[in-house]
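Trainee: I am sharing model-v7.txt, which consists of compact mmCIF, C-alpha atoms and all ligand atoms:
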```txt
# COMPACT_ATOMS: atom_id res chain seq x y z
CA MET Q 18 -13.11 12.48 -23.56
CA GLU Q 19 -11.03 12.78 -20.45
CA VAL Q 20 -9.03 15.98 -20.26
CA ILE Q 21 -5.45 15.39 -19.24
CA LYS Q 22 -3.88 18.26 -17.40
CA ASP Q 23 -0.21 18.96 -18.03
CA ASP Q 24 1.29 18.93 -14.56
CA GLY Q 25 4.87 18.51 -15.64
CA VAL Q 26 4.65 14.73 -15.54
CA GLY Q 27 5.26 14.40 -19.29
CA ASP Q 28 4.11 11.04 -20.63
CA ARG Q 29 3.76 9.48 -17.18
CA ILE Q 30 -0.02 9.68 -17.26
CA ILE Q 31 -2.25 7.96 -14.70
CA PHE Q 32 -5.22 7.12 -16.87
CA GLY Q 33 -7.74 4.27 -17.19
CA ASP Q 34 -7.06 0.97 -15.45
CA GLY Q 35 -3.32 0.93 -16.01
CA THR Q 36 -1.04 -2.08 -16.27
CA SER Q 37 -2.48 -5.10 -14.47
CA TYR Q 38 -1.14 -7.13 -11.57
CA HIS Q 39 -0.84 -10.15 -13.86
CA GLU Q 40 1.24 -8.29 -16.45
CA TRP Q 41 3.72 -7.29 -13.75
CA ARG Q 42 3.63 -10.71 -12.07
CA GLY Q 43 4.43 -12.41 -15.37
CA TRP Q 44 7.45 -10.23 -16.09
CA SER Q 45 10.70 -12.05 -15.40
CA GLY Q 46 12.55 -8.73 -15.10
CA LEU Q 47 10.78 -8.05 -11.84
CA GLN Q 48 11.81 -11.36 -10.32
CA SER Q 49 15.40 -10.83 -11.38
CA LEU Q 50 15.81 -7.43 -9.71
CA ARG Q 51 18.47 -7.33 -7.02
CA GLN Q 52 17.27 -7.79 -3.44
CA LEU Q 53 17.21 -4.92 -1.00
CA ASP Q 54 19.13 -6.22 1.99
CA LEU Q 55 17.69 -4.42 4.99
CA VAL Q 56 20.44 -5.16 7.45
CA THR Q 57 23.12 -3.61 5.24
CA CYS Q 58 21.00 -0.92 3.56
CA PHE Q 59 19.40 0.26 6.81
CA PRO Q 60 22.14 -0.34 9.38
CA GLU Q 61 21.57 -0.24 13.11
CA GLY Q 62 21.68 3.21 14.67
CA ARG Q 63 20.48 4.99 11.53
CA ARG Q 64 17.13 6.75 11.58
CA VAL Q 65 14.80 6.18 8.64
CA LEU Q 66 12.57 8.98 7.35
CA ILE Q 67 9.62 7.83 5.25
CA ILE Q 68 8.51 10.92 3.33
CA ALA Q 69 4.92 10.46 2.11
CA PRO Q 70 3.11 13.07 0.00
CA HIS Q 71 -0.34 11.85 1.11
CA PRO Q 72 -1.66 9.71 3.95
CA ASP Q 73 -1.76 6.21 2.35
CA ASP Q 74 1.49 6.47 0.34
CA GLU Q 75 3.49 5.16 3.30
CA ILE Q 76 1.31 2.03 3.25
CA LEU Q 77 0.81 1.57 -0.51
CA GLY Q 78 4.53 1.96 -1.07
CA CYS Q 79 6.21 0.86 2.11
CA ALA Q 80 4.00 -1.30 4.38
CA GLY Q 81 6.40 -4.23 4.04
CA LEU Q 82 9.48 -2.07 4.54
CA LEU Q 83 7.91 -0.49 7.62
CA GLN Q 84 7.08 -3.86 9.15
CA GLN Q 85 10.53 -5.26 8.45
CA LEU Q 86 12.30 -2.17 9.78
CA ALA Q 87 10.16 -2.23 12.91
CA GLU Q 88 11.13 -5.85 13.42
CA LEU Q 89 14.79 -4.77 13.25
CA LYS Q 90 13.93 -2.09 15.84
CA ARG Q 91 15.00 0.76 13.60
CA ASP Q 92 14.06 4.30 14.51
CA ILE Q 93 11.33 5.25 12.01
CA VAL Q 94 9.83 8.67 11.37
CA LEU Q 95 6.89 9.07 9.00
CA VAL Q 96 6.93 12.53 7.46
CA SER Q 97 3.46 13.30 6.08
CA VAL Q 98 3.90 16.13 3.61
CA THR Q 99 0.17 16.84 3.27
CA ASN Q 100 -2.94 15.54 5.01
CA GLY Q 101 -4.54 14.66 1.68
CA THR Q 102 -7.37 17.17 2.04
CA GLN Q 103 -8.02 17.60 -1.70
CA SER Q 104 -8.92 14.02 -2.60
CA HIS Q 105 -12.67 14.76 -2.91
CA PRO Q 106 -13.31 18.06 -4.74
CA ASP Q 107 -16.83 19.47 -4.10
CA SER Q 108 -17.80 16.54 -1.89
CA GLN Q 109 -20.50 16.82 0.73
CA LEU Q 110 -19.25 13.66 2.41
CA TYR Q 111 -15.56 14.44 2.58
CA THR Q 112 -14.85 18.13 2.91
CA PRO Q 113 -11.22 19.29 3.11
CA HIS Q 114 -11.83 20.14 6.76
CA GLN Q 115 -13.04 16.58 7.49
CA LEU Q 116 -10.32 14.96 5.40
CA ASN Q 117 -7.72 16.86 7.41
CA THR Q 118 -8.68 14.64 10.35
CA ILE Q 119 -9.95 11.54 8.55
CA ARG Q 120 -6.90 10.79 6.43
CA PRO Q 121 -4.24 11.01 9.17
CA ALA Q 122 -6.55 8.84 11.31
CA GLU Q 123 -6.63 6.28 8.48
CA THR Q 124 -2.82 6.22 8.50
CA HIS Q 125 -2.81 5.63 12.26
CA ALA Q 126 -5.35 2.80 11.89
CA ALA Q 127 -3.25 1.22 9.13
CA LEU Q 128 -0.08 1.38 11.24
CA ASP Q 129 -2.07 -0.28 14.03
CA VAL Q 130 -3.14 -3.08 11.71
CA LEU Q 131 0.50 -3.60 10.75
CA GLY Q 132 1.26 -3.81 14.49
CA ILE Q 133 3.82 -1.03 14.27
CA SER Q 134 2.18 2.15 15.60
CA HIS Q 135 4.50 2.04 18.62
CA ALA Q 136 7.53 2.03 16.31
CA VAL Q 137 6.61 4.92 13.99
CA LYS Q 138 6.60 8.57 14.96
CA ARG Q 139 4.49 10.71 12.62
CA ILE Q 140 5.32 14.32 11.78
CA ALA Q 141 2.86 16.32 9.67
CA LEU Q 142 4.26 19.14 7.52
CA ASN Q 143 0.78 20.42 6.55
CA LEU Q 144 1.56 21.45 3.01
CA MET Q 145 -1.41 21.80 0.69
CA ASP Q 146 -2.48 18.60 -1.04
CA GLY Q 147 -2.10 18.91 -4.80
CA GLU Q 148 0.24 21.87 -4.48
CA ILE Q 149 3.57 20.33 -3.52
CA THR Q 150 5.14 21.32 -6.86
CA ALA Q 151 4.33 24.95 -6.11
CA GLN Q 152 5.46 24.56 -2.50
CA GLN Q 153 8.79 22.83 -3.15
CA ASP Q 154 10.74 25.58 -1.37
CA TRP Q 155 8.66 25.10 1.79
CA LEU Q 156 9.10 21.37 1.61
CA TYR Q 157 12.85 21.77 1.14
CA LYS Q 158 13.13 24.03 4.20
CA ALA Q 159 10.89 21.86 6.37
CA LEU Q 160 12.81 18.70 5.51
CA ARG Q 161 16.18 20.39 5.94
CA LYS Q 162 15.20 21.26 9.51
CA LEU Q 163 14.22 17.67 10.23
CA ILE Q 164 17.07 15.80 8.62
CA SER Q 165 20.22 14.83 10.44
CA SER Q 166 23.46 13.50 9.01
CA ASP Q 167 22.78 9.87 9.91
CA ASP Q 168 19.34 9.64 8.33
CA ILE Q 169 18.31 7.39 5.49
CA LEU Q 170 15.55 8.83 3.32
CA VAL Q 171 12.69 6.96 1.69
CA CYS Q 172 10.43 8.99 -0.59
CA THR Q 173 8.22 8.67 -3.63
CA PHE Q 174 9.82 8.21 -7.06
CA ASP Q 175 10.61 11.54 -8.74
CA LYS Q 176 9.02 10.20 -11.95
CA ASP Q 177 6.05 8.45 -10.32
CA GLY Q 178 3.48 10.19 -12.52
CA HIS Q 179 1.59 12.03 -9.76
CA PRO Q 180 2.79 15.65 -9.52
CA ASP Q 181 2.90 15.60 -5.70
CA HIS Q 182 4.86 12.34 -5.73
CA GLU Q 183 7.32 13.69 -8.28
CA ALA Q 184 7.87 16.96 -6.40
CA THR Q 185 8.39 15.11 -3.10
CA GLY Q 186 10.86 12.76 -4.77
CA LYS Q 187 12.80 15.63 -6.35
CA VAL Q 188 13.11 17.62 -3.13
CA ALA Q 189 14.14 14.57 -1.08
CA GLN Q 190 16.70 13.60 -3.73
CA GLN Q 191 18.14 17.09 -3.81
CA LEU Q 192 18.52 17.16 -0.03
CA ALA Q 193 20.01 13.69 -0.04
CA SER Q 194 22.62 14.61 -2.61
CA GLU Q 195 23.51 17.89 -0.86
CA SER Q 196 23.81 16.19 2.52
CA HIS Q 197 25.35 12.94 1.21
CA LEU Q 198 22.48 10.82 2.47
CA ILE Q 199 21.18 7.61 0.97
CA CYS Q 200 17.73 7.98 -0.57
CA TYR Q 201 15.39 5.23 -1.72
CA GLN Q 202 12.49 6.14 -4.01
CA VAL Q 203 9.52 3.83 -3.92
CA LEU Q 204 7.35 3.09 -6.96
CA ILE Q 205 3.61 3.64 -6.39
CA TRP Q 206 1.74 5.14 -9.37
CA ALA Q 207 4.54 4.06 -11.72
CA TRP Q 208 3.02 0.57 -11.52
CA HIS Q 209 -0.09 2.04 -13.14
CA TRP Q 210 1.31 3.94 -16.14
CA ALA Q 211 4.52 2.02 -16.78
CA ALA Q 212 4.73 -1.39 -18.44
CA PRO Q 213 7.11 -4.29 -17.89
CA ASP Q 214 10.62 -3.34 -19.07
CA ASP Q 215 9.51 0.27 -19.45
CA ARG Q 216 12.55 2.38 -20.35
CA ARG Q 217 11.23 5.28 -18.28
CA ILE Q 218 12.04 3.37 -15.08
CA PRO Q 219 15.74 2.96 -14.20
CA TRP Q 220 15.42 -0.77 -13.50
CA GLN Q 221 19.22 -1.08 -13.27
CA ASN Q 222 19.03 0.99 -10.06
CA ALA Q 223 15.98 -0.81 -8.68
CA LEU Q 224 16.01 -3.07 -5.64
CA LYS Q 225 13.18 -5.34 -4.60
CA LEU Q 226 12.03 -6.05 -1.08
CA GLU Q 227 10.21 -9.34 -0.83
CA LEU Q 228 7.14 -9.54 1.40
CA THR Q 229 6.12 -12.73 3.17
CA PRO Q 230 2.54 -13.98 2.60
CA GLN Q 231 1.70 -12.74 6.12
CA GLN Q 232 3.15 -9.28 5.39
CA LEU Q 233 1.14 -9.13 2.17
CA GLN Q 234 -2.02 -10.05 4.04
CA ASP Q 235 -1.28 -7.35 6.63
CA LYS Q 236 -0.61 -4.82 3.87
CA ASN Q 237 -3.95 -5.65 2.29
CA LYS Q 238 -5.74 -5.15 5.63
CA ALA Q 239 -3.84 -1.90 6.22
CA ILE Q 240 -4.93 -0.57 2.81
CA LEU Q 241 -8.55 -1.30 3.74
CA CYS Q 242 -8.19 1.26 6.56
CA PHE Q 243 -8.21 4.04 3.95
CA LYS Q 244 -12.00 3.99 3.63
CA SER Q 245 -12.16 7.53 2.23
CA GLN Q 246 -10.09 6.35 -0.74
CA LEU Q 247 -12.01 3.12 -1.33
CA GLU Q 248 -15.61 4.23 -1.72
CA THR Q 249 -17.55 5.89 -4.51
CA ASP Q 250 -18.46 9.37 -3.34
CA THR Q 251 -22.25 9.39 -3.58
CA SER Q 252 -22.39 13.18 -3.29
CA THR Q 253 -20.30 13.75 -6.44
CA GLY Q 254 -20.25 10.37 -8.18
CA GLN Q 255 -16.45 10.31 -7.98
CA ALA Q 256 -15.13 6.78 -8.35
CA PRO Q 257 -12.90 5.35 -5.62
CA ILE Q 258 -9.40 6.78 -5.77
CA LEU Q 259 -7.95 3.35 -5.07
CA SER Q 260 -9.74 1.05 -7.51
CA PRO Q 261 -9.79 -2.73 -6.97
CA GLN Q 262 -7.24 -3.01 -9.82
CA THR Q 263 -4.96 -0.46 -8.13
CA ILE Q 264 -5.12 -2.34 -4.85
CA GLN Q 265 -4.50 -5.70 -6.48
CA ARG Q 266 -1.53 -4.30 -8.37
CA ILE Q 267 0.07 -2.70 -5.32
CA LEU Q 268 -0.14 -6.09 -3.59
CA LEU Q 269 2.63 -7.57 -5.73
CA PRO Q 270 4.88 -9.61 -3.44
CA TYR Q 271 7.63 -7.01 -3.84
CA GLU Q 272 8.08 -3.37 -3.00
CA VAL Q 273 10.52 -1.76 -5.44
CA TYR Q 274 12.92 1.00 -4.48
CA ILE Q 275 15.12 3.03 -6.81
CA CYS Q 276 18.51 3.97 -5.38
CA ASP Q 277 20.86 5.91 -7.67
ZN ZN Q 301 -0.05 9.89 -3.01
```
How would this structure read if it were set down as structure tokens?
Mentor:
Amino acid sequence: MEVIKDDGVGDRIIFGDGTSYHEWRGWSGLQSLRQLDLVTCFPEGRRVLIIAPHPDDEILGCAGLLQQLAELKRDIVLVSVTNGTQSHPDSQLYTPHQLNTIRPAETHAALDVLGISHAVKRIALNLMDGEITAQQDWLYKALRKLISSDDILVCTFDKDGHPDHEATGKVAQQLASESHLICYQVLIWAWHWAAPDDRRIPWQNALKLELTPQQLQDKNKAILCFKSQLETDTSTGQAPILSPQTIQRILLPYEVYICD
């Protein structure tokens, strides 16, 4: 039996295969979400901060948003909260020291594939992977230093089911409300544990960003840059962190952002 650790995520448990792509695709509620209009929601002259707990979240959640914002020539800053060094406990192939270089390099490769590396400036905060909940004060201070009054924040959903994602979402939301900034929270792991029409997701505050077939294809290629997350670790037997089902599901033709 799998032991489920209580990390403060309540019943938002990432377990098993999760809800499938087809279940989400067949749900009419998803198609009827309001559209996120980029030109009005991300106006010219406003900087956009994409706050990603781990290298890959910016792509899994926001590849389409990033491409479309780059096309509009918006000023984009990717804030990497951690370098994802704890994804392979006890591994001989991927030690934390190696992952500290490998995972940011995977992000750079993915941005290259999307054709937007020139448009995105990356800032690493170097918090400890897996420990963002315990390091919320550090994250708060680091973000407060970075943020200016014209910024628009994009972060992970504060009920995404992964403790690091939830902590990042909470801190970003808190800063946004204190500084009167707009904050969009992207769904990533929520697609796994939630089900269509799930009451734990505030669908009434959700906006969908539609991706073109080309943008979806680019997003798929960009995800394939995260090789460390796609392979079985032969030194420990750990299954890929991003399973084929997870990748298929994240390639829905919409990215969904919660904006209270
Ligand atoms: Zn993550």
Trainee: Can you work out which one of Q:Leu116, Q:Leu247, Q:Leu259, Q:Leu144 has the shortest atom-to-atom distance to Trp206 (chain Q), counting only C-alpha atoms?
Mentor: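 Checking each of Q:Leu116, Q:Leu247, Q:Leu259, Q:Leu144 against Trp206 (chain Q), counting only C-alpha atoms, the winner is Q:Leu259.
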Trainee: Quote the spacing between CA of Ile93 (chain Q) and CA of Ser49 (chain Q) in Å to one decimal place.
Mentor: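 One can read the CA of Ile93 (chain Q) to CA of Ser49 (chain Q) distance as 28.7 Å.
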Trainee: Would you compute the distance between CA of Ala184 (chain Q) and CA of Thr150 (chain Q)? Give it in Å to one decimal.
Mentor: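 So the two atoms, CA of Ala184 (chain Q) and CA of Thr150 (chain Q), lie 5.2 Å apart.
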Trainee: Let me see if you get this right: every residue at most 10 Å from ligand ZN 301 (chain Q), counting all atoms listed in the file, written as a list in words.
Mentor: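 So, counting all atoms listed in the file, the residues near ligand ZN 301 (chain Q) are Ala69, Pro70, His71, Pro72, Asp73, Asp74, Glu75, Leu77, Gly78, Val98, Thr99, Gly101, Ser104, Asp146, Gly147, Thr173, Asp177, His179, Pro180, Asp181, His182, Glu183, Thr185, Ile205 and Trp206 of chain Q.
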Trainee: What is the distance, in Å and to one decimal place, between CA of Leu241 (chain Q) and CA of Ala127 (chain Q)?
Mentor: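 Those two atoms sit 8.0 Å apart.
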Trainee: Between Q:Ser37, Q:Thr253, Q:Pro213, Q:Arg91, single out the one closest to Pro60 (chain Q), counting all atoms listed in the file.
Mentor: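 Closest candidate: Q:Arg91.
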Trainee: Closest to Cys58 (chain Q) among Q:Asp129, Q:Asp168, Q:Asp215, Q:Asp175, using all atoms listed in the file?
Mentor: Q:Asp168
Trainee: Which one is closest to Arg120 (chain Q): Q:Thr36, Q:Pro270, Q:Gln103, Q:Ile133? Count all atoms listed in the file.
Mentor: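 When distances to Arg120 (chain Q) are compared using all atoms listed in the file, the smallest one comes from Q:Gln103.
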Trainee: Identify, on the basis of all atoms listed in the file, every residue whose closest approach to Pro219 (chain Q) does not exceed 10 Å; exclude the query and any residue fewer than 6 positions from it along the same chain; express the result as a PyMOL selection string.
Mentor: chain Q and resi 275-277
Trainee: Looking at Q:Ser252, Q:Ile67, Q:Gln85, Q:Val137, which one is nearest to Leu160 (chain Q), with distances taken over only C-alpha atoms?
Mentor: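 Ranking Q:Ser252, Q:Ile67, Q:Gln85, Q:Val137 by distance to Leu160 (chain Q), first place goes to Q:Ile67.
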Trainee: Within 10 Å of Leu192 (chain Q), counting all atoms listed in the file, which residues qualify if same-chain residues fewer than 5 places away don't, as a list of chain:residue names?
Mentor: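 Once the nearby chain positions are removed, what remains is Q:Tyr157, Q:Lys158, Q:Leu160, Q:Arg161, Q:Ile164, Q:Leu170, Q:Lys187, Q:His197, Q:Leu198, Q:Ile199, Q:Cys200.
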Trainee: Find the residues around Gly33 (chain Q) up to 12 Å (all atoms listed in the file counted), leave out those fewer than 2 positions away in its own chain, and share them as a compact mmCIF listing (two decimals) with C-alpha atoms, in the frame of the given file.
Mentor:
```txt
# COMPACT_ATOMS: atom_id res chain seq x y z
CA MET Q 18 -13.11 12.48 -23.56
CA GLU Q 19 -11.03 12.78 -20.45
CA ILE Q 21 -5.45 15.39 -19.24
CA ILE Q 30 -0.02 9.68 -17.26
CA ILE Q 31 -2.25 7.96 -14.70
CA GLY Q 35 -3.32 0.93 -16.01
CA THR Q 36 -1.04 -2.08 -16.27
CA SER Q 37 -2.48 -5.10 -14.47
CA HIS Q 209 -0.09 2.04 -13.14
CA TRP Q 210 1.31 3.94 -16.14
CA ALA Q 256 -15.13 6.78 -8.35
CA ILE Q 258 -9.40 6.78 -5.77
CA SER Q 260 -9.74 1.05 -7.51
CA GLN Q 262 -7.24 -3.01 -9.82
CA THR Q 263 -4.96 -0.46 -8.13
```
Trainee: Have a look at Q:Trp155, Q:Tyr111, Q:Tyr201, Q:Phe174 and name the one nearest to Leu226 (chain Q); count all atoms listed in the file.
Mentor: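 For Leu226 (chain Q), the nearest of the candidates is Q:Tyr201.
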Trainee: Please list as a VMD selection string every residue within 10 Å of Thr118 (chain Q), counting all atoms listed in the file and excluding residues in the same chain fewer than 3 positions away.
Mentor: chain Q and resid 100 to 102 113 to 115 121 to 123
Trainee: Could you write out as lines of an AutoDock Vina configuration file the box around region 178-194 of chain Q (axis-aligned, all atoms listed in the file, 4 Å on each side), with centre and edge lengths in Å to one decimal?
Mentor:
```
center_x = 12.1
center_y = 13.9
center_z = -6.3
size_x = 29.0
size_y = 15.4
size_z = 20.5
```
